[in-house]
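Asker: My file is structure.cif. It has mmCIF, C-alpha atoms:
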data_my_file
loop_
_atom_site.group_PDB
_atom_site.id
_atom_site.type_symbol
_atom_site.label_atom_id
_atom_site.label_comp_id
_atom_site.auth_asym_id
_atom_site.auth_seq_id
_atom_site.Cartn_x
_atom_site.Cartn_y
_atom_site.Cartn_z
ATOM 1 C CA MET X 1 -86.137 31.096 67.764
ATOM 2 C CA SER X 2 -83.212 33.430 67.640
ATOM 3 C CA ARG X 3 -81.586 34.834 64.556
ATOM 4 C CA ARG X 4 -78.376 32.890 65.227
ATOM 5 C CA ASN X 5 -80.134 29.532 64.888
ATOM 6 C CA LYS X 6 -81.668 30.474 61.523
ATOM 7 C CA ILE X 7 -78.349 31.351 59.882
ATOM 8 C CA GLU X 8 -76.400 28.210 60.784
ATOM 9 C CA PRO X 9 -78.517 25.718 58.806
ATOM 10 C CA LEU X 10 -78.218 27.941 55.721
ATOM 11 C CA LYS X 11 -74.420 27.948 55.975
ATOM 12 C CA LYS X 12 -74.340 24.162 56.332
ATOM 13 C CA ASN X 13 -76.506 23.741 53.226
ATOM 14 C CA LYS X 14 -74.325 26.073 51.172
ATOM 15 C CA ASN X 15 -71.224 24.204 52.308
ATOM 16 C CA LYS X 16 -72.780 20.850 51.324
ATOM 17 C CA GLU X 17 -73.865 22.246 47.957
ATOM 18 C CA SER X 18 -70.381 23.579 47.202
ATOM 19 C CA ILE X 19 -68.810 20.218 48.081
ATOM 20 C CA ALA X 20 -71.368 18.467 45.848
ATOM 21 C CA MET X 21 -70.578 20.827 42.943
ATOM 22 C CA ILE X 22 -66.836 20.258 43.318
ATOM 23 C CA LEU X 23 -67.424 16.496 43.379
ATOM 24 C CA LYS X 24 -69.645 16.684 40.266
ATOM 25 C CA LEU X 25 -67.024 18.767 38.459
ATOM 26 C CA PHE X 26 -64.296 16.265 39.382
ATOM 27 C CA ILE X 27 -66.352 13.243 38.265
ATOM 28 C CA GLY X 28 -67.360 14.991 35.019
ATOM 29 C CA THR X 29 -63.740 15.842 34.239
ATOM 30 C CA LEU X 30 -62.698 12.278 35.066
ATOM 31 C CA ALA X 31 -65.415 10.976 32.720
ATOM 32 C CA VAL X 32 -64.218 13.151 29.819
ATOM 33 C CA PHE X 33 -60.603 12.046 30.294
ATOM 34 C CA SER X 34 -61.744 8.430 30.624
ATOM 35 C CA PHE X 35 -63.738 8.687 27.394
ATOM 36 C CA VAL X 36 -60.756 10.125 25.487
ATOM 37 C CA TYR X 37 -58.438 7.479 26.985
ATOM 38 C CA SER X 38 -60.850 4.684 25.990
ATOM 39 C CA LEU X 39 -61.066 5.960 22.417
ATOM 40 C CA ARG X 40 -57.276 6.221 22.208
ATOM 41 C CA GLU X 41 -56.768 2.696 23.539
ATOM 42 C CA PHE X 42 -59.445 1.292 21.239
ATOM 43 C CA ASN X 43 -58.047 2.973 18.113
ATOM 44 C CA ASN X 44 -54.338 2.454 18.694
ATOM 45 C CA PHE X 45 -53.396 -0.270 21.148
ATOM 46 C CA THR X 46 -55.978 -2.864 22.180
ATOM 47 C CA ILE X 47 -57.523 -5.396 19.822
ATOM 48 C CA ILE X 48 -61.177 -5.489 20.848
ATOM 49 C CA SER X 49 -64.423 -5.412 18.901
ATOM 50 C CA PHE X 50 -66.491 -2.258 18.959
ATOM 51 C CA GLU X 51 -69.579 -4.253 19.926
ATOM 52 C CA PHE X 52 -67.909 -5.608 23.065
ATOM 53 C CA LEU X 53 -66.634 -2.165 24.051
ATOM 54 C CA SER X 54 -70.133 -0.727 23.541
ATOM 55 C CA PHE X 55 -71.535 -3.519 25.719
ATOM 56 C CA ILE X 56 -69.091 -2.641 28.538
ATOM 57 C CA PHE X 57 -69.891 1.056 28.176
ATOM 58 C CA PHE X 58 -73.684 0.780 28.231
ATOM 59 C CA PHE X 59 -74.056 -2.175 30.584
ATOM 60 C CA SER X 60 -71.866 -0.669 33.313
ATOM 61 C CA GLY X 61 -73.446 2.769 32.864
ATOM 62 C CA ILE X 62 -76.979 1.379 33.079
ATOM 63 C CA ILE X 63 -76.247 -0.786 36.140
ATOM 64 C CA ILE X 64 -74.598 2.014 38.128
ATOM 65 C CA ALA X 65 -77.193 4.599 37.042
ATOM 66 C CA SER X 66 -80.046 2.224 37.983
ATOM 67 C CA VAL X 67 -78.671 1.723 41.472
ATOM 68 C CA GLN X 68 -78.312 5.468 41.940
ATOM 69 C CA TYR X 69 -81.761 6.129 40.471
ATOM 70 C CA PHE X 70 -83.582 3.758 42.808
ATOM 71 C CA PHE X 71 -81.619 5.025 45.813
ATOM 72 C CA ARG X 72 -82.342 8.666 45.013
ATOM 73 C CA LYS X 73 -85.988 8.029 44.111
ATOM 74 C CA ASN X 74 -86.714 6.155 47.343
ATOM 75 C CA LYS X 75 -84.568 8.115 49.771
ATOM 76 C CA ILE X 76 -84.004 11.659 48.549
ATOM 77 C CA GLU X 77 -86.096 12.827 45.602
ATOM 78 C CA LYS X 78 -89.541 11.686 44.604
ATOM 79 C CA ARG X 79 -89.682 13.317 41.156
ATOM 80 C CA LEU X 80 -86.851 12.347 38.842
ATOM 81 C CA SER X 81 -86.961 12.461 35.059
ATOM 82 C CA ILE X 82 -85.677 9.122 33.782
ATOM 83 C CA TYR X 83 -84.158 10.582 30.606
ATOM 84 C CA ASP X 84 -82.468 13.543 32.309
ATOM 85 C CA PHE X 85 -81.049 11.261 34.973
ATOM 86 C CA PHE X 86 -79.911 8.254 32.925
ATOM 87 C CA VAL X 87 -78.273 9.827 29.865
ATOM 88 C CA PRO X 88 -75.529 11.750 31.695
ATOM 89 C CA LYS X 89 -74.988 8.933 34.200
ATOM 90 C CA ILE X 90 -74.595 6.329 31.452
ATOM 91 C CA PHE X 91 -72.000 8.527 29.727
ATOM 92 C CA ILE X 92 -70.140 9.284 32.949
ATOM 93 C CA TYR X 93 -70.008 5.826 34.468
ATOM 94 C CA GLY X 94 -69.758 4.015 31.117
ATOM 95 C CA SER X 95 -66.675 6.074 30.267
ATOM 96 C CA ILE X 96 -65.066 5.466 33.641
ATOM 97 C CA CYS X 97 -65.744 1.700 33.536
ATOM 98 C CA SER X 98 -64.431 1.452 29.951
ATOM 99 C CA ALA X 99 -61.225 3.214 30.967
ATOM 100 C CA LEU X 100 -60.896 0.917 33.998
ATOM 101 C CA PHE X 101 -61.322 -2.059 31.665
ATOM 102 C CA PHE X 102 -58.462 -0.854 29.446
ATOM 103 C CA LEU X 103 -56.246 0.030 32.424
ATOM 104 C CA THR X 104 -56.675 -3.374 34.084
ATOM 105 C CA ASN X 105 -56.192 -5.153 30.750
ATOM 106 C CA SER X 106 -52.911 -3.321 30.242
ATOM 107 C CA TYR X 107 -51.371 -3.132 33.716
ATOM 108 C CA PHE X 108 -52.278 -6.620 34.933
ATOM 109 C CA SER X 109 -51.259 -8.294 31.667
ATOM 110 C CA THR X 110 -48.654 -10.974 31.193
ATOM 111 C CA ASP X 111 -45.244 -9.764 30.108
ATOM 112 C CA LYS X 112 -44.839 -12.400 27.381
ATOM 113 C CA GLU X 113 -44.583 -10.746 23.999
ATOM 114 C CA TYR X 114 -45.018 -12.565 20.723
ATOM 115 C CA ILE X 115 -44.735 -11.520 17.085
ATOM 116 C CA ILE X 116 -47.352 -11.879 14.369
ATOM 117 C CA THR X 117 -46.604 -11.255 10.699
ATOM 118 C CA SER X 118 -49.517 -10.365 8.458
ATOM 119 C CA LEU X 119 -50.183 -9.100 4.949
ATOM 120 C CA ILE X 120 -51.253 -5.515 4.443
ATOM 121 C CA TYR X 121 -54.662 -5.575 2.748
ATOM 122 C CA LYS X 122 -55.354 -1.839 2.333
ATOM 123 C CA ARG X 123 -53.545 1.428 2.864
ATOM 124 C CA TYR X 124 -55.234 4.698 3.749
ATOM 125 C CA LYS X 125 -53.637 8.095 3.289
ATOM 126 C CA ALA X 126 -53.744 10.553 6.163
ATOM 127 C CA TYR X 127 -56.391 13.230 6.013
ATOM 128 C CA LYS X 128 -55.320 16.544 7.535
ATOM 129 C CA SER X 129 -53.939 15.764 11.016
ATOM 130 C CA SER X 130 -54.913 12.072 11.177
ATOM 131 C CA PRO X 131 -52.220 9.397 10.770
ATOM 132 C CA ASN X 132 -51.813 6.998 7.843
ATOM 133 C CA SER X 133 -53.438 3.654 8.447
ATOM 134 C CA ILE X 134 -53.407 0.134 7.076
ATOM 135 C CA VAL X 135 -55.732 -2.849 7.296
ATOM 136 C CA ALA X 136 -54.129 -6.129 8.405
ATOM 137 C CA GLU X 137 -55.395 -9.435 9.747
ATOM 138 C CA ILE X 138 -54.732 -10.138 13.417
ATOM 139 C CA LYS X 139 -55.982 -13.409 14.897
ATOM 140 C CA GLY X 140 -58.455 -13.881 12.035
ATOM 141 C CA VAL X 141 -59.968 -10.386 12.305
ATOM 142 C CA GLU X 142 -59.247 -7.530 9.919
ATOM 143 C CA ARG X 143 -58.093 -4.560 11.947
ATOM 144 C CA GLU X 144 -57.280 -0.996 10.941
ATOM 145 C CA ILE X 145 -53.962 0.052 12.465
ATOM 146 C CA ASN X 146 -52.684 3.630 12.619
ATOM 147 C CA ILE X 147 -49.124 4.072 11.348
ATOM 148 C CA HIS X 148 -47.469 7.187 12.742
ATOM 149 C CA ASN X 149 -43.816 6.756 11.752
ATOM 150 C CA TYR X 150 -44.166 6.415 7.968
ATOM 151 C CA ASN X 151 -45.500 8.763 5.319
ATOM 152 C CA PHE X 152 -47.827 7.367 2.659
ATOM 153 C CA GLU X 153 -45.137 7.046 -0.047
ATOM 154 C CA GLU X 154 -42.983 4.908 2.268
ATOM 155 C CA LEU X 155 -46.040 2.869 3.208
ATOM 156 C CA GLN X 156 -46.574 1.885 -0.446
ATOM 157 C CA GLU X 157 -43.221 0.050 -0.495
ATOM 158 C CA PHE X 158 -44.154 -2.457 2.237
ATOM 159 C CA ASN X 159 -46.337 -5.565 1.838
ATOM 160 C CA ASN X 160 -46.181 -7.092 5.346
ATOM 161 C CA ILE X 161 -46.505 -5.906 8.881
ATOM 162 C CA GLN X 162 -44.794 -7.331 11.945
ATOM 163 C CA ILE X 163 -46.708 -6.712 15.166
ATOM 164 C CA ASN X 164 -45.397 -7.303 18.694
ATOM 165 C CA LEU X 165 -48.360 -8.273 20.884
ATOM 166 C CA LYS X 166 -48.917 -9.328 24.458
ATOM 167 C CA ASN X 167 -51.975 -10.854 26.077
ATOM 168 C CA GLY X 168 -53.941 -8.556 28.328
ATOM 169 C CA PHE X 169 -55.426 -9.422 31.695
ATOM 170 C CA TRP X 170 -58.932 -9.840 30.230
ATOM 171 C CA GLY X 171 -57.639 -11.851 27.250
ATOM 172 C CA PHE X 172 -57.545 -9.027 24.709
ATOM 173 C CA GLN X 173 -54.261 -8.496 22.868
ATOM 174 C CA ILE X 174 -52.296 -5.282 23.302
ATOM 175 C CA ILE X 175 -50.179 -3.912 20.438
ATOM 176 C CA GLN X 176 -46.677 -3.118 21.698
ATOM 177 C CA GLU X 177 -44.787 -2.262 18.513
ATOM 178 C CA ILE X 178 -45.394 -2.199 14.772
ATOM 179 C CA LYS X 179 -42.734 -2.748 12.079
ATOM 180 C CA LEU X 180 -43.357 -2.727 8.375
ATOM 181 C CA THR X 181 -41.471 -5.327 6.309
ATOM 182 C CA LYS X 182 -41.116 -5.919 2.565
#
Please express the file's structure as structure tokens.

Answerer:
Amino acid sequence: MSRRNKIEPLKKNKNKESIAMILKLFIGTLAVFSFVYSLREFNNFTIISFEFLSFIFFFSGIIIASVQYFFRKNKIEKRLSIYDFFVPKIFIYGSICSALFFLTNSYFSTDKEYIITSLIYKRYKAYKSSPNSIVAEIKGVEREINIHNYNFEELQEFNNIQINLKNGFWGFQIIQEIKLTK
């Protein structure tokens, strides 16, 4: 076997490894942005229970990671640590699927907006860089809502909140606009 034939397979492997690393870096970055986007949507715009969001996160992460695990265990690698494989995959694919849930709920939603007026139950003062928040009842559920446009002294003057909502594609309401009323 000549020297030329020995070098070519090494170059192909290095090229495949570099493509795999770039792909892993891209998917990891996408997962971090998806996680931050999901937290932002959950805290500020979409009315959804934390339990349901956790179910979407873990269920989708476990399903996708299980498919990859059994494929890799049977076809490519024989020794895989379950913990080392599943934990990152659940975070990565759970974050991406949660963000896809919020994106589809928002972009495929109906355009009908409606207004709900509710009493303000509690007011919370901002701590450092966090916004002021209030607790109001929306569709029978008490929900903490961040208020960015009012300082805490102005917030004390208002007793009601007027919320413009629209129904999302998956049936979860999306907060469009918030107005405080006396």

Asker: With distances taken over only C-alpha atoms, which of X:Tyr93, X:Phe45, X:Phe85, X:Tyr69 is nearest to Gly168 in chain X?

Answerer: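 Distance minimum relative to Gly168 in chain X lands on X:Phe45.
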
Asker: Using all atoms listed in the file, determine which residues lie at most 10 Å from Asn105 in chain X, disregarding the query and same-chain residues fewer than 2 positions distant; provide the list as JSON, numbers by chain.

Answerer: {"X": [46, 99, 100, 101, 102, 103, 107, 108, 109, 110, 167, 168, 169, 170, 171, 172, 173, 174]}

Asker: Output the selection as a PDB file, in the coordinates of the input - C-alpha atoms for each residue.

Answerer:
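Once written, selection-v1.pdb looks like this:
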ATOM      1  CA  THR X  46     -55.978  -2.864  22.180  1.00  0.00           C
ATOM      2  CA  ALA X  99     -61.225   3.214  30.967  1.00  0.00           C
ATOM      3  CA  LEU X 100     -60.896   0.917  33.998  1.00  0.00           C
ATOM      4  CA  PHE X 101     -61.322  -2.059  31.665  1.00  0.00           C
ATOM      5  CA  PHE X 102     -58.462  -0.854  29.446  1.00  0.00           C
ATOM      6  CA  LEU X 103     -56.246   0.030  32.424  1.00  0.00           C
ATOM      7  CA  TYR X 107     -51.371  -3.132  33.716  1.00  0.00           C
ATOM      8  CA  PHE X 108     -52.278  -6.620  34.933  1.00  0.00           C
ATOM      9  CA  SER X 109     -51.259  -8.294  31.667  1.00  0.00           C
ATOM     10  CA  THR X 110     -48.654 -10.974  31.193  1.00  0.00           C
ATOM     11  CA  ASN X 167     -51.975 -10.854  26.077  1.00  0.00           C
ATOM     12  CA  GLY X 168     -53.941  -8.556  28.328  1.00  0.00           C
ATOM     13  CA  PHE X 169     -55.426  -9.422  31.695  1.00  0.00           C
ATOM     14  CA  TRP X 170     -58.932  -9.840  30.230  1.00  0.00           C
ATOM     15  CA  GLY X 171     -57.639 -11.851  27.250  1.00  0.00           C
ATOM     16  CA  PHE X 172     -57.545  -9.027  24.709  1.00  0.00           C
ATOM     17  CA  GLN X 173     -54.261  -8.496  22.868  1.00  0.00           C
ATOM     18  CA  ILE X 174     -52.296  -5.282  23.302  1.00  0.00           C
TER      19      ILE X 174
END

Asker: If we count all atoms listed in the file and set the cut-off at 12 Å, which residues sit around range 148-153 of chain X, ignoring sequence neighbours fewer than 6 positions away in its own chain? Please answer as a ChimeraX atom specification.

Answerer: /X:44,122-127,129-134,177-180

Asker: Could you tell me which residues the PyMOL selection byres ((chain X and resi 139) around 10) grabs in this file, written as number ranges by chain?

Answerer: X: 47, 116, 118, 136-138, 140-143, 173

Asker: Evaluated on this file, the PyMOL selection byres ((chain X and resi 30-35) around 7) picks out some residues - which ones are they, written as a PyMOL selection string?

Answerer: chain X and resi 26-29+36-39+92+95-96+99

Asker: For the selection you just gave me, I'd like the residues written to a file as a PDB file, in the coordinates of the input, keeping C-alpha atoms.

Answerer:
ATOM      1  CA  PHE X  26     -64.296  16.265  39.382  1.00  0.00           C
ATOM      2  CA  ILE X  27     -66.352  13.243  38.265  1.00  0.00           C
ATOM      3  CA  GLY X  28     -67.360  14.991  35.019  1.00  0.00           C
ATOM      4  CA  THR X  29     -63.740  15.842  34.239  1.00  0.00           C
ATOM      5  CA  VAL X  36     -60.756  10.125  25.487  1.00  0.00           C
ATOM      6  CA  TYR X  37     -58.438   7.479  26.985  1.00  0.00           C
ATOM      7  CA  SER X  38     -60.850   4.684  25.990  1.00  0.00           C
ATOM      8  CA  LEU X  39     -61.066   5.960  22.417  1.00  0.00           C
ATOM      9  CA  ILE X  92     -70.140   9.284  32.949  1.00  0.00           C
ATOM     10  CA  SER X  95     -66.675   6.074  30.267  1.00  0.00           C
ATOM     11  CA  ILE X  96     -65.066   5.466  33.641  1.00  0.00           C
ATOM     12  CA  ALA X  99     -61.225   3.214  30.967  1.00  0.00           C
TER      13      ALA X  99
END
